[in-house]
$ cat start-v8.cif   # mmCIF, C-alpha atoms
data_run
loop_
_atom_site.label_atom_id
_atom_site.label_comp_id
_atom_site.auth_asym_id
_atom_site.auth_seq_id
_atom_site.Cartn_x
_atom_site.Cartn_y
_atom_site.Cartn_z
CA MET A 1 82.51 19.42 -47.39
CA SER A 2 82.63 16.31 -45.23
CA ALA A 3 85.83 14.45 -44.32
CA THR A 4 84.82 11.56 -46.57
CA ALA A 5 84.15 13.80 -49.55
CA ARG A 6 87.40 15.68 -48.97
CA ARG A 7 89.36 12.41 -48.80
CA ILE A 8 87.84 11.16 -52.06
CA ASP A 9 88.45 14.50 -53.78
CA ASP A 10 92.07 14.59 -52.58
CA LEU A 11 92.66 11.12 -54.03
CA LYS A 12 90.93 12.10 -57.26
CA ALA A 13 93.37 15.02 -57.52
CA GLU A 14 96.18 12.46 -57.16
CA GLY A 15 94.72 10.56 -60.11
CA ARG A 16 93.10 7.61 -58.43
CA ALA A 17 89.99 6.29 -56.75
CA ALA A 18 89.62 5.58 -53.02
CA LEU A 19 89.74 2.11 -51.51
CA VAL A 20 86.88 1.75 -49.04
CA GLY A 21 87.42 -1.28 -46.79
CA TYR A 22 84.65 -3.01 -44.83
CA LEU A 23 85.05 -5.03 -41.64
CA PRO A 24 82.42 -6.05 -39.06
CA THR A 25 82.83 -4.77 -35.50
CA GLY A 26 83.10 -7.39 -32.79
CA PHE A 27 84.74 -10.05 -34.96
CA PRO A 28 86.43 -12.13 -33.67
CA THR A 29 86.19 -9.90 -30.57
CA VAL A 30 85.70 -6.17 -30.17
CA ASP A 31 89.37 -5.61 -29.34
CA GLN A 32 90.50 -7.74 -32.27
CA SER A 33 88.16 -5.88 -34.61
CA ILE A 34 90.02 -2.72 -33.59
CA GLU A 35 93.32 -4.40 -34.46
CA ALA A 36 91.89 -5.50 -37.80
CA ALA A 37 90.56 -2.03 -38.67
CA ARG A 38 93.90 -0.42 -37.89
CA ALA A 39 95.70 -3.07 -39.95
CA LEU A 40 93.28 -2.41 -42.81
CA VAL A 41 94.33 1.25 -43.00
CA GLU A 42 98.02 0.44 -42.56
CA ALA A 43 97.78 -1.89 -45.58
CA GLY A 44 96.19 0.68 -47.88
CA ALA A 45 92.50 1.37 -47.21
CA ASP A 46 91.59 5.06 -47.57
CA VAL A 47 88.15 4.98 -45.94
CA ILE A 48 86.91 2.52 -43.29
CA GLU A 49 83.44 0.99 -43.31
CA LEU A 50 82.56 -0.69 -40.00
CA GLY A 51 79.56 -3.01 -39.97
CA ILE A 52 77.27 -3.48 -36.99
CA PRO A 53 76.52 -7.20 -36.45
CA TYR A 54 72.86 -7.88 -37.17
CA SER A 55 70.88 -11.10 -37.07
CA ASP A 56 68.66 -10.47 -40.12
CA PRO A 57 70.86 -9.03 -42.89
CA VAL A 58 69.52 -8.42 -46.39
CA MET A 59 72.79 -7.57 -48.15
CA ASP A 60 75.45 -9.71 -46.44
CA GLY A 61 76.78 -12.72 -48.32
CA PRO A 62 77.98 -15.96 -46.65
CA THR A 63 81.50 -14.74 -45.73
CA ILE A 64 80.28 -11.66 -43.90
CA GLN A 65 77.36 -13.59 -42.38
CA GLU A 66 79.81 -16.10 -40.89
CA ALA A 67 81.86 -13.34 -39.29
CA VAL A 68 78.79 -11.48 -38.06
CA ASP A 69 77.26 -14.63 -36.57
CA HIS A 70 80.53 -15.21 -34.69
CA ALA A 71 80.49 -11.61 -33.42
CA LEU A 72 76.90 -11.94 -32.18
CA ARG A 73 77.67 -15.24 -30.43
CA SER A 74 80.66 -13.55 -28.79
CA GLY A 75 78.38 -10.89 -27.35
CA ALA A 76 78.94 -7.93 -29.69
CA ARG A 77 76.39 -5.16 -29.21
CA VAL A 78 75.42 -2.02 -31.10
CA ARG A 79 77.23 0.33 -28.74
CA ASP A 80 80.53 -1.52 -29.33
CA VAL A 81 80.75 0.20 -32.70
CA PHE A 82 81.36 3.55 -31.01
CA ARG A 83 84.37 2.13 -29.13
CA VAL A 84 85.80 0.76 -32.35
CA VAL A 85 85.19 4.02 -34.22
CA GLU A 86 86.88 6.01 -31.47
CA ALA A 87 89.87 3.64 -31.48
CA VAL A 88 90.56 4.05 -35.20
CA ALA A 89 89.45 7.64 -35.82
CA ASP A 90 93.03 8.91 -35.42
CA LEU A 91 94.35 7.10 -38.52
CA GLY A 92 93.42 9.78 -41.04
CA ALA A 93 90.87 7.58 -42.80
CA PRO A 94 87.22 8.68 -42.46
CA VAL A 95 85.23 6.04 -40.54
CA LEU A 96 81.73 5.25 -41.79
CA VAL A 97 79.38 2.80 -40.09
CA MET A 98 77.37 0.38 -42.24
CA THR A 99 74.16 -0.66 -40.56
CA TYR A 100 70.68 -1.87 -41.26
CA PHE A 101 68.39 0.73 -39.84
CA ASN A 102 66.54 -1.28 -37.19
CA PRO A 103 69.48 -1.18 -34.72
CA VAL A 104 69.58 2.61 -35.13
CA LEU A 105 65.85 2.87 -34.48
CA ARG A 106 66.12 0.73 -31.35
CA TYR A 107 69.11 2.73 -30.09
CA GLY A 108 67.36 6.01 -30.86
CA VAL A 109 68.10 7.89 -34.07
CA ASP A 110 69.23 11.14 -32.49
CA ALA A 111 71.17 9.35 -29.74
CA PHE A 112 72.95 7.22 -32.36
CA ALA A 113 73.94 10.30 -34.35
CA ARG A 114 75.13 11.99 -31.16
CA ASP A 115 77.28 9.06 -30.04
CA LEU A 116 78.68 8.42 -33.53
CA ALA A 117 79.73 12.05 -33.90
CA ALA A 118 81.23 12.05 -30.39
CA ALA A 119 83.31 8.97 -31.27
CA GLY A 120 84.72 10.69 -34.35
CA GLY A 121 82.63 8.81 -36.94
CA ALA A 122 82.03 10.29 -40.38
CA GLY A 123 78.51 9.00 -41.01
CA LEU A 124 76.36 6.01 -41.94
CA ILE A 125 75.87 3.70 -44.91
CA THR A 126 72.27 2.44 -44.70
CA PRO A 127 71.52 -0.33 -47.23
CA ASP A 128 67.86 -0.83 -46.26
CA LEU A 129 66.86 2.81 -45.85
CA VAL A 130 65.62 4.88 -48.79
CA PRO A 131 65.79 8.67 -48.66
CA ASP A 132 62.03 9.19 -48.82
CA GLU A 133 61.68 7.22 -45.55
CA ALA A 134 64.76 8.71 -43.87
CA ALA A 135 63.55 12.10 -42.64
CA GLU A 136 64.44 11.43 -38.99
CA TRP A 137 67.95 10.18 -39.84
CA ILE A 138 68.56 13.01 -42.32
CA GLU A 139 67.64 15.60 -39.69
CA ALA A 140 69.83 13.95 -37.03
CA ALA A 141 72.77 13.56 -39.43
CA ASP A 142 72.55 17.11 -40.72
CA SER A 143 72.47 18.48 -37.18
CA ARG A 144 75.81 16.75 -36.44
CA ASP A 145 77.52 17.11 -39.82
CA LEU A 146 77.44 13.36 -40.53
CA ASP A 147 77.53 11.69 -43.95
CA LYS A 148 74.38 10.01 -45.28
CA VAL A 149 75.36 7.33 -47.78
CA PHE A 150 72.33 5.85 -49.55
CA LEU A 151 72.43 3.09 -52.15
CA VAL A 152 71.47 2.84 -55.81
CA ALA A 153 71.28 -0.36 -57.85
CA PRO A 154 71.02 -1.36 -61.52
CA SER A 155 67.24 -1.42 -61.04
CA SER A 156 67.05 2.21 -59.83
CA THR A 157 64.90 4.49 -61.97
CA PRO A 158 66.16 7.92 -63.10
CA GLU A 159 63.85 9.49 -60.53
CA ARG A 160 65.28 7.27 -57.77
CA LEU A 161 68.85 8.09 -58.84
CA ALA A 162 68.09 11.81 -58.63
CA MET A 163 66.41 11.51 -55.22
CA THR A 164 69.23 9.40 -53.80
CA SER A 165 71.95 11.67 -55.20
CA ALA A 166 70.28 14.74 -53.70
CA ALA A 167 69.88 13.13 -50.27
CA SER A 168 73.35 11.58 -50.02
CA ARG A 169 76.38 13.21 -48.44
CA GLY A 170 79.94 11.86 -48.74
CA PHE A 171 79.20 9.64 -51.73
CA VAL A 172 76.49 7.51 -53.30
CA TYR A 173 76.97 3.74 -52.91
CA ALA A 174 76.38 2.01 -56.25
CA ALA A 175 75.67 -1.70 -55.87
CA SER A 176 77.26 -3.33 -58.90
CA THR A 177 74.64 -6.04 -59.10
CA MET A 178 71.32 -7.15 -57.66
CA GLY A 179 72.38 -9.50 -54.89
CA VAL A 180 74.42 -9.83 -51.73
CA THR A 181 78.05 -9.19 -50.88
CA GLY A 182 80.68 -11.73 -51.84
CA GLU A 183 83.44 -12.61 -54.22
CA ARG A 184 82.47 -12.96 -57.88
CA ALA A 185 84.26 -13.88 -61.07
CA THR A 186 83.29 -10.54 -62.63
CA VAL A 187 81.95 -7.22 -61.37
CA GLY A 188 78.39 -6.45 -62.45
CA ALA A 189 78.33 -5.60 -66.15
CA ARG A 190 76.11 -2.57 -65.55
CA ALA A 191 78.26 -1.01 -62.84
CA GLU A 192 79.99 1.51 -65.10
CA GLU A 193 76.68 2.46 -66.68
CA LEU A 194 75.14 2.90 -63.21
CA VAL A 195 77.98 5.19 -62.11
CA ALA A 196 77.52 7.36 -65.20
CA ALA A 197 73.74 7.52 -64.73
CA THR A 198 74.11 8.39 -61.03
CA ARG A 199 76.53 11.21 -61.84
CA ALA A 200 74.15 12.45 -64.54
CA ALA A 201 71.42 12.45 -61.89
CA GLY A 202 73.45 14.83 -59.73
CA ALA A 203 75.85 12.76 -57.60
CA GLU A 204 79.28 14.35 -57.07
CA ARG A 205 80.94 11.09 -55.94
CA VAL A 206 79.95 7.51 -56.67
CA CYS A 207 81.66 4.47 -55.13
CA VAL A 208 81.01 0.91 -56.28
CA GLY A 209 80.57 -2.13 -54.04
CA LEU A 210 79.65 -5.82 -54.30
CA GLY A 211 81.82 -8.37 -56.04
CA VAL A 212 85.30 -6.82 -56.00
CA SER A 213 87.81 -9.33 -54.60
CA ARG A 214 90.88 -9.21 -56.87
CA PRO A 215 93.40 -6.52 -57.90
CA GLU A 216 92.33 -6.58 -61.55
CA GLN A 217 88.68 -6.10 -60.55
CA ALA A 218 89.70 -3.18 -58.32
CA ALA A 219 91.61 -1.69 -61.25
CA GLU A 220 88.59 -2.10 -63.51
CA VAL A 221 86.23 -0.33 -61.09
CA GLY A 222 88.81 2.27 -60.06
CA ARG A 223 89.03 3.39 -63.68
CA TYR A 224 85.52 4.87 -63.67
CA ALA A 225 84.31 5.09 -60.04
CA ASP A 226 85.35 7.50 -57.27
CA GLY A 227 85.79 4.64 -54.83
CA VAL A 228 86.09 0.85 -54.77
CA ILE A 229 84.29 -0.80 -51.84
CA VAL A 230 85.62 -4.18 -50.70
CA GLY A 231 84.34 -6.33 -47.84
CA SER A 232 84.22 -10.11 -48.17
CA ALA A 233 87.73 -10.38 -49.63
CA PHE A 234 89.10 -8.65 -46.51
CA VAL A 235 86.92 -10.60 -44.05
CA LYS A 236 87.69 -14.04 -45.51
CA PRO A 237 91.35 -14.18 -44.32
CA LEU A 238 90.19 -13.37 -40.78
CA LEU A 239 88.01 -16.50 -40.61
CA GLY A 240 89.44 -19.83 -39.47
CA ASP A 241 91.51 -21.10 -36.58
CA ALA A 242 95.00 -19.83 -37.33
CA PRO A 243 96.60 -17.47 -34.79
CA PHE A 244 94.98 -14.03 -35.14
CA ALA A 245 98.30 -12.36 -35.93
CA ASP A 246 98.70 -14.70 -38.90
CA ARG A 247 95.16 -13.95 -40.07
CA LEU A 248 95.88 -10.23 -39.87
CA THR A 249 98.99 -10.70 -41.99
CA GLN A 250 96.98 -12.62 -44.58
CA MET A 251 94.33 -9.89 -44.63
CA GLN A 252 96.93 -7.17 -45.08
CA SER A 253 98.39 -9.06 -48.03
CA VAL A 254 94.98 -9.07 -49.71
CA VAL A 255 94.44 -5.37 -48.90
CA SER A 256 97.83 -4.42 -50.31
CA GLY A 257 97.14 -6.28 -53.56
CA ILE A 258 93.73 -4.69 -54.06
CA ALA A 259 95.07 -1.25 -53.08
CA ALA A 260 97.72 -1.67 -55.78
CA GLY A 261 94.95 -2.50 -58.23
CA VAL A 262 93.08 0.69 -57.32
CA ARG A 263 96.24 2.77 -57.65
CA SER A 264 97.02 1.30 -61.07
CA ALA A 265 93.53 1.87 -62.47
CA ARG A 266 94.18 5.17 -64.23
CA THR A 267 97.79 4.50 -65.21
CA GLY A 268 97.10 1.40 -67.29
CA ALA A 269 99.44 -0.76 -65.21
CA VAL A 270 96.86 -3.29 -64.06
CA SER A 271 98.05 -5.49 -61.22
CA SER A 272 97.51 -9.23 -61.15
#
$ encode --input "start-v8.cif" --output "structure tokens"
Amino acid sequence: MSATARRIDDLKAEGRAALVGYLPTGFPTVDQSIEAARALVEAGADVIELGIPYSDPVMDGPTIQEAVDHALRSGARVRDVFRVVEAVADLGAPVLVMTYFNPVLRYGVDAFARDLAAAGGAGLITPDLVPDEAAEWIEAADSRDLDKVFLVAPSSTPERLAMTSAASRGFVYAASTMGVTGERATVGARAEELVAATRAAGAERVCVGLGVSRPEQAAEVGRYADGVIVGSAFVKPLLGDAPFADRLTQMQSVVSGIAAGVRSARTGAVSS
């Protein structure tokens, strides 16, 4: 069992879902992204998702795009993610990297797996890679005991759900809606149905992302999913011109509120 799976199972035994928190590496700088990731865990995230800045995203909404554009202009590079992973791997929260697959291909699939494992990383979330086109990554990940987190969506067929569940390790990422990341008034109406269908297709753990930005939404998703994935709501407080320490404090306040929502999900005490 991988560290990510073990963490999710331990939390399930405690009666709650995991909070998976996303931040981009290199924003505002590489060193400050390390500070932010450590603050994320201190405030209540159970699993870290570190994004690699990329110029042609297909899943990032405007908040994350703004942060990623800043990181790229500041000179962030693919290999910076290994320094960030290594700097936060001691916190007890499994560290996954979220990346579109082209940067991995350019770096070298086996070399990327090697360097990620050496840094203490748990695995990859790959939003634009489907299992039937992932043979090289699956082989590299398996050889180094890394998680392979593939995505399913409300449009996924039963056959696609089964294939993705069989190929994934750690958990399956269920996109709550067809769209990009960002804050929404409601979580996708089909998210709970998608989680149930993915479990029925063979997945042991299913975490839900896209659209969760408030404690009550986290409580709603945490009631039926194994993990609640939050990105834009944590990145948004880090944007702007206020002193970075103040931005970190604002981010931690948001994290604490959403973490409380996750923890309340199965007790009925929904936070507001």
$ axis_aligned_box --input "start-v8.cif" --around "region 134-139 of chain A" --padding-each-side "6 Å" --output "AutoDock Vina command-line options"
--center_x 66.1 --center_y 12.2 --center_z -41.4 --size_x 17.0 --size_y 18.9 --size_z 16.9
$ residues_around --input "start-v8.cif" --residues "Phe234 (chain A)" --least-positions-apart "6" --cutoff "10 Å" --atoms "only C-alpha atoms" --output "MDAnalysis selection string"
chainID A and resid 21:23 36 40 63:64 213 248 250:255 258
$ closest_residue --input "start-v8.cif" --among "A:Ala87, A:Leu11, A:Val104, A:Met59" --to "Val30 (chain A)" --atoms "all atoms listed in the file"
A:Ala87
$ closest_residue --input "start-v8.cif" --among "A:Ala259, A:Tyr224, A:Arg190, A:Ala203" --to "Gly170 (chain A)" --atoms "only C-alpha atoms"
A:Ala203
$ resolve_selection --input "start-v8.cif" --expression "the PyMOL selection byres ((chain A and resi 49-58) around 9)" --output "VMD selection string"
chain A and resid 20 to 27 37 47 to 48 59 to 61 65 67 to 69 71 to 72 76 to 78 80 to 81 84 to 85 94 to 100 103 124 to 125 127 to 128 180 229 231
$ residues_around --input "start-v8.cif" --residues "Thr198 (chain A)" --least-positions-apart "3" --cutoff "12 Å" --atoms "only C-alpha atoms" --output "VMD selection string"
chain A and resid 150 to 166 168 171 to 175 191 to 195 201 to 208 225 to 226
$ write_last_selection --input "start-v8.cif" --atoms "C-alpha atoms" --output "PDB file, in the frame of the given file"
ATOM      1  CA  PHE A 150      72.330   5.850 -49.550  1.00  0.00           C
ATOM      2  CA  LEU A 151      72.430   3.090 -52.150  1.00  0.00           C
ATOM      3  CA  VAL A 152      71.470   2.840 -55.810  1.00  0.00           C
ATOM      4  CA  ALA A 153      71.280  -0.360 -57.850  1.00  0.00           C
ATOM      5  CA  PRO A 154      71.020  -1.360 -61.520  1.00  0.00           C
ATOM      6  CA  SER A 155      67.240  -1.420 -61.040  1.00  0.00           C
ATOM      7  CA  SER A 156      67.050   2.210 -59.830  1.00  0.00           C
ATOM      8  CA  THR A 157      64.900   4.490 -61.970  1.00  0.00           C
ATOM      9  CA  PRO A 158      66.160   7.920 -63.100  1.00  0.00           C
ATOM     10  CA  GLU A 159      63.850   9.490 -60.530  1.00  0.00           C
ATOM     11  CA  ARG A 160      65.280   7.270 -57.770  1.00  0.00           C
ATOM     12  CA  LEU A 161      68.850   8.090 -58.840  1.00  0.00           C
ATOM     13  CA  ALA A 162      68.090  11.810 -58.630  1.00  0.00           C
ATOM     14  CA  MET A 163      66.410  11.510 -55.220  1.00  0.00           C
ATOM     15  CA  THR A 164      69.230   9.400 -53.800  1.00  0.00           C
ATOM     16  CA  SER A 165      71.950  11.670 -55.200  1.00  0.00           C
ATOM     17  CA  ALA A 166      70.280  14.740 -53.700  1.00  0.00           C
ATOM     18  CA  SER A 168      73.350  11.580 -50.020  1.00  0.00           C
ATOM     19  CA  PHE A 171      79.200   9.640 -51.730  1.00  0.00           C
ATOM     20  CA  VAL A 172      76.490   7.510 -53.300  1.00  0.00           C
ATOM     21  CA  TYR A 173      76.970   3.740 -52.910  1.00  0.00           C
ATOM     22  CA  ALA A 174      76.380   2.010 -56.250  1.00  0.00           C
ATOM     23  CA  ALA A 175      75.670  -1.700 -55.870  1.00  0.00           C
ATOM     24  CA  ALA A 191      78.260  -1.010 -62.840  1.00  0.00           C
ATOM     25  CA  GLU A 192      79.990   1.510 -65.100  1.00  0.00           C
ATOM     26  CA  GLU A 193      76.680   2.460 -66.680  1.00  0.00           C
ATOM     27  CA  LEU A 194      75.140   2.900 -63.210  1.00  0.00           C
ATOM     28  CA  VAL A 195      77.980   5.190 -62.110  1.00  0.00           C
ATOM     29  CA  ALA A 201      71.420  12.450 -61.890  1.00  0.00           C
ATOM     30  CA  GLY A 202      73.450  14.830 -59.730  1.00  0.00           C
ATOM     31  CA  ALA A 203      75.850  12.760 -57.600  1.00  0.00           C
ATOM     32  CA  GLU A 204      79.280  14.350 -57.070  1.00  0.00           C
ATOM     33  CA  ARG A 205      80.940  11.090 -55.940  1.00  0.00           C
ATOM     34  CA  VAL A 206      79.950   7.510 -56.670  1.00  0.00           C
ATOM     35  CA  CYS A 207      81.660   4.470 -55.130  1.00  0.00           C
ATOM     36  CA  VAL A 208      81.010   0.910 -56.280  1.00  0.00           C
ATOM     37  CA  ALA A 225      84.310   5.090 -60.040  1.00  0.00           C
ATOM     38  CA  ASP A 226      85.350   7.500 -57.270  1.00  0.00           C
TER      39      ASP A 226
END
$ atom_distance --input "start-v8.cif" --atom1 "CA of Pro131 (chain A)" --atom2 "CA of Ala111 (chain A)"
19.7 Å
$ residues_around --input "start-v8.cif" --residues "Gly227 (chain A)" --least-positions-apart "6" --cutoff "6 Å" --atoms "only C-alpha atoms" --output "PyMOL selection string"
chain A and resi 17-19+207
$ write_last_selection --input "start-v8.cif" --atoms "C-alpha atoms" --output "short mmCIF file (atom, residue, chain, number, x, y, z; two decimals), in the frame of the given file"
data_model
loop_
_atom_site.label_atom_id
_atom_site.label_comp_id
_atom_site.auth_asym_id
_atom_site.auth_seq_id
_atom_site.Cartn_x
_atom_site.Cartn_y
_atom_site.Cartn_z
CA ALA A 17 89.99 6.29 -56.75
CA ALA A 18 89.62 5.58 -53.02
CA LEU A 19 89.74 2.11 -51.51
CA CYS A 207 81.66 4.47 -55.13
#
$ closest_residue --input "start-v8.cif" --among "A:Ala140, A:Pro237, A:Ala218, A:Thr249" --to "Val109 (chain A)" --atoms "all atoms listed in the file"
A:Ala140
$ closest_residue --input "start-v8.cif" --among "A:Ala93, A:Ala134, A:Ala219, A:Leu116" --to "Arg7 (chain A)" --atoms "all atoms listed in the file"
A:Ala93
$ atom_distance --input "start-v8.cif" --atom1 "CA of Glu35 (chain A)" --atom2 "CA of Glu66 (chain A)"
19.0 Å
$ closest_residue --input "start-v8.cif" --among "A:Ile34, A:Ala265, A:Ala43, A:Ala200" --to "Pro215 (chain A)" --atoms "only C-alpha atoms"
A:Ala265
$ resolve_selection --input "start-v8.cif" --expression "the PyMOL selection byres ((chain A and resi 120) around 7)" --output "ChimeraX atom specification"
/A:85-86,89,116-119,121-122
$ closest_residue --input "start-v8.cif" --among "A:Leu210, A:Ala45, A:Val149, A:Leu238" --to "Ser176 (chain A)" --atoms "only C-alpha atoms"
A:Leu210
$ atom_distance --input "start-v8.cif" --atom1 "CA of Val230 (chain A)" --atom2 "CA of Gly209 (chain A)"
6.4 Å
$ build_atoms --input "start-v8.cif" --residues "region 240-258 of chain A" --atoms "N, CA, C and O atoms" --output "PDB file, keeping the file's coordinate frame"
ATOM      1  N   GLY A 240      88.590 -18.674 -39.675  1.00  0.00           N
ATOM      2  CA  GLY A 240      89.440 -19.830 -39.470  1.00  0.00           C
ATOM      3  C   GLY A 240      90.060 -19.868 -38.095  1.00  0.00           C
ATOM      4  O   GLY A 240      89.748 -19.038 -37.227  1.00  0.00           O
ATOM      5  N   ASP A 241      90.970 -20.832 -37.906  1.00  0.00           N
ATOM      6  CA  ASP A 241      91.510 -21.100 -36.580  1.00  0.00           C
ATOM      7  C   ASP A 241      92.984 -20.757 -36.423  1.00  0.00           C
ATOM      8  O   ASP A 241      93.581 -21.023 -35.383  1.00  0.00           O
ATOM      9  N   ALA A 242      93.586 -20.185 -37.446  1.00  0.00           N
ATOM     10  CA  ALA A 242      95.000 -19.830 -37.330  1.00  0.00           C
ATOM     11  C   ALA A 242      95.169 -18.722 -36.288  1.00  0.00           C
ATOM     12  O   ALA A 242      94.213 -18.010 -35.956  1.00  0.00           O
ATOM     13  N   PRO A 243      96.370 -18.574 -35.733  1.00  0.00           N
ATOM     14  CA  PRO A 243      96.600 -17.470 -34.790  1.00  0.00           C
ATOM     15  C   PRO A 243      96.155 -16.135 -35.413  1.00  0.00           C
ATOM     16  O   PRO A 243      96.366 -15.908 -36.614  1.00  0.00           O
ATOM     17  N   PHE A 244      95.561 -15.264 -34.591  1.00  0.00           N
ATOM     18  CA  PHE A 244      94.980 -14.030 -35.140  1.00  0.00           C
ATOM     19  C   PHE A 244      96.033 -13.180 -35.828  1.00  0.00           C
ATOM     20  O   PHE A 244      95.758 -12.540 -36.844  1.00  0.00           O
ATOM     21  N   ALA A 245      97.245 -13.152 -35.295  1.00  0.00           N
ATOM     22  CA  ALA A 245      98.300 -12.360 -35.930  1.00  0.00           C
ATOM     23  C   ALA A 245      98.559 -12.846 -37.357  1.00  0.00           C
ATOM     24  O   ALA A 245      98.789 -12.034 -38.269  1.00  0.00           O
ATOM     25  N   ASP A 246      98.497 -14.164 -37.555  1.00  0.00           N
ATOM     26  CA  ASP A 246      98.700 -14.700 -38.900  1.00  0.00           C
ATOM     27  C   ASP A 246      97.536 -14.318 -39.817  1.00  0.00           C
ATOM     28  O   ASP A 246      97.736 -14.002 -41.005  1.00  0.00           O
ATOM     29  N   ARG A 247      96.328 -14.341 -39.259  1.00  0.00           N
ATOM     30  CA  ARG A 247      95.160 -13.950 -40.070  1.00  0.00           C
ATOM     31  C   ARG A 247      95.240 -12.469 -40.466  1.00  0.00           C
ATOM     32  O   ARG A 247      94.876 -12.092 -41.587  1.00  0.00           O
ATOM     33  N   LEU A 248      95.716 -11.649 -39.545  1.00  0.00           N
ATOM     34  CA  LEU A 248      95.880 -10.230 -39.870  1.00  0.00           C
ATOM     35  C   LEU A 248      96.883 -10.043 -41.010  1.00  0.00           C
ATOM     36  O   LEU A 248      96.666  -9.237 -41.923  1.00  0.00           O
ATOM     37  N   THR A 249      97.976 -10.792 -40.934  1.00  0.00           N
ATOM     38  CA  THR A 249      98.990 -10.700 -41.990  1.00  0.00           C
ATOM     39  C   THR A 249      98.408 -11.107 -43.340  1.00  0.00           C
ATOM     40  O   THR A 249      98.666 -10.462 -44.369  1.00  0.00           O
ATOM     41  N   GLN A 250      97.608 -12.179 -43.335  1.00  0.00           N
ATOM     42  CA  GLN A 250      96.980 -12.620 -44.580  1.00  0.00           C
ATOM     43  C   GLN A 250      96.006 -11.552 -45.109  1.00  0.00           C
ATOM     44  O   GLN A 250      95.939 -11.284 -46.304  1.00  0.00           O
ATOM     45  N   MET A 251      95.248 -10.945 -44.204  1.00  0.00           N
ATOM     46  CA  MET A 251      94.330  -9.890 -44.630  1.00  0.00           C
ATOM     47  C   MET A 251      95.089  -8.711 -45.229  1.00  0.00           C
ATOM     48  O   MET A 251      94.710  -8.174 -46.281  1.00  0.00           O
ATOM     49  N   GLN A 252      96.163  -8.312 -44.576  1.00  0.00           N
ATOM     50  CA  GLN A 252      96.930  -7.170 -45.080  1.00  0.00           C
ATOM     51  C   GLN A 252      97.521  -7.454 -46.454  1.00  0.00           C
ATOM     52  O   GLN A 252      97.639  -6.547 -47.278  1.00  0.00           O
ATOM     53  N   SER A 253      97.882  -8.701 -46.710  1.00  0.00           N
ATOM     54  CA  SER A 253      98.390  -9.060 -48.030  1.00  0.00           C
ATOM     55  C   SER A 253      97.317  -8.858 -49.100  1.00  0.00           C
ATOM     56  O   SER A 253      97.590  -8.328 -50.188  1.00  0.00           O
ATOM     57  N   VAL A 254      96.086  -9.267 -48.761  1.00  0.00           N
ATOM     58  CA  VAL A 254      94.980  -9.070 -49.710  1.00  0.00           C
ATOM     59  C   VAL A 254      94.705  -7.579 -49.907  1.00  0.00           C
ATOM     60  O   VAL A 254      94.506  -7.098 -51.032  1.00  0.00           O
ATOM     61  N   VAL A 255      94.703  -6.820 -48.808  1.00  0.00           N
ATOM     62  CA  VAL A 255      94.440  -5.370 -48.900  1.00  0.00           C
ATOM     63  C   VAL A 255      95.507  -4.701 -49.771  1.00  0.00           C
ATOM     64  O   VAL A 255      95.182  -3.886 -50.658  1.00  0.00           O
ATOM     65  N   SER A 256      96.756  -5.051 -49.548  1.00  0.00           N
ATOM     66  CA  SER A 256      97.830  -4.420 -50.310  1.00  0.00           C
ATOM     67  C   SER A 256      97.693  -4.701 -51.809  1.00  0.00           C
ATOM     68  O   SER A 256      97.905  -3.811 -52.639  1.00  0.00           O
ATOM     69  N   GLY A 257      97.314  -5.942 -52.151  1.00  0.00           N
ATOM     70  CA  GLY A 257      97.140  -6.280 -53.560  1.00  0.00           C
ATOM     71  C   GLY A 257      95.997  -5.505 -54.201  1.00  0.00           C
ATOM     72  O   GLY A 257      96.139  -4.988 -55.325  1.00  0.00           O
ATOM     73  N   ILE A 258      94.872  -5.414 -53.500  1.00  0.00           N
ATOM     74  CA  ILE A 258      93.730  -4.690 -54.060  1.00  0.00           C
ATOM     75  C   ILE A 258      94.005  -3.184 -54.086  1.00  0.00           C
ATOM     76  O   ILE A 258      93.615  -2.489 -55.041  1.00  0.00           O
TER      77      ILE A 258
END
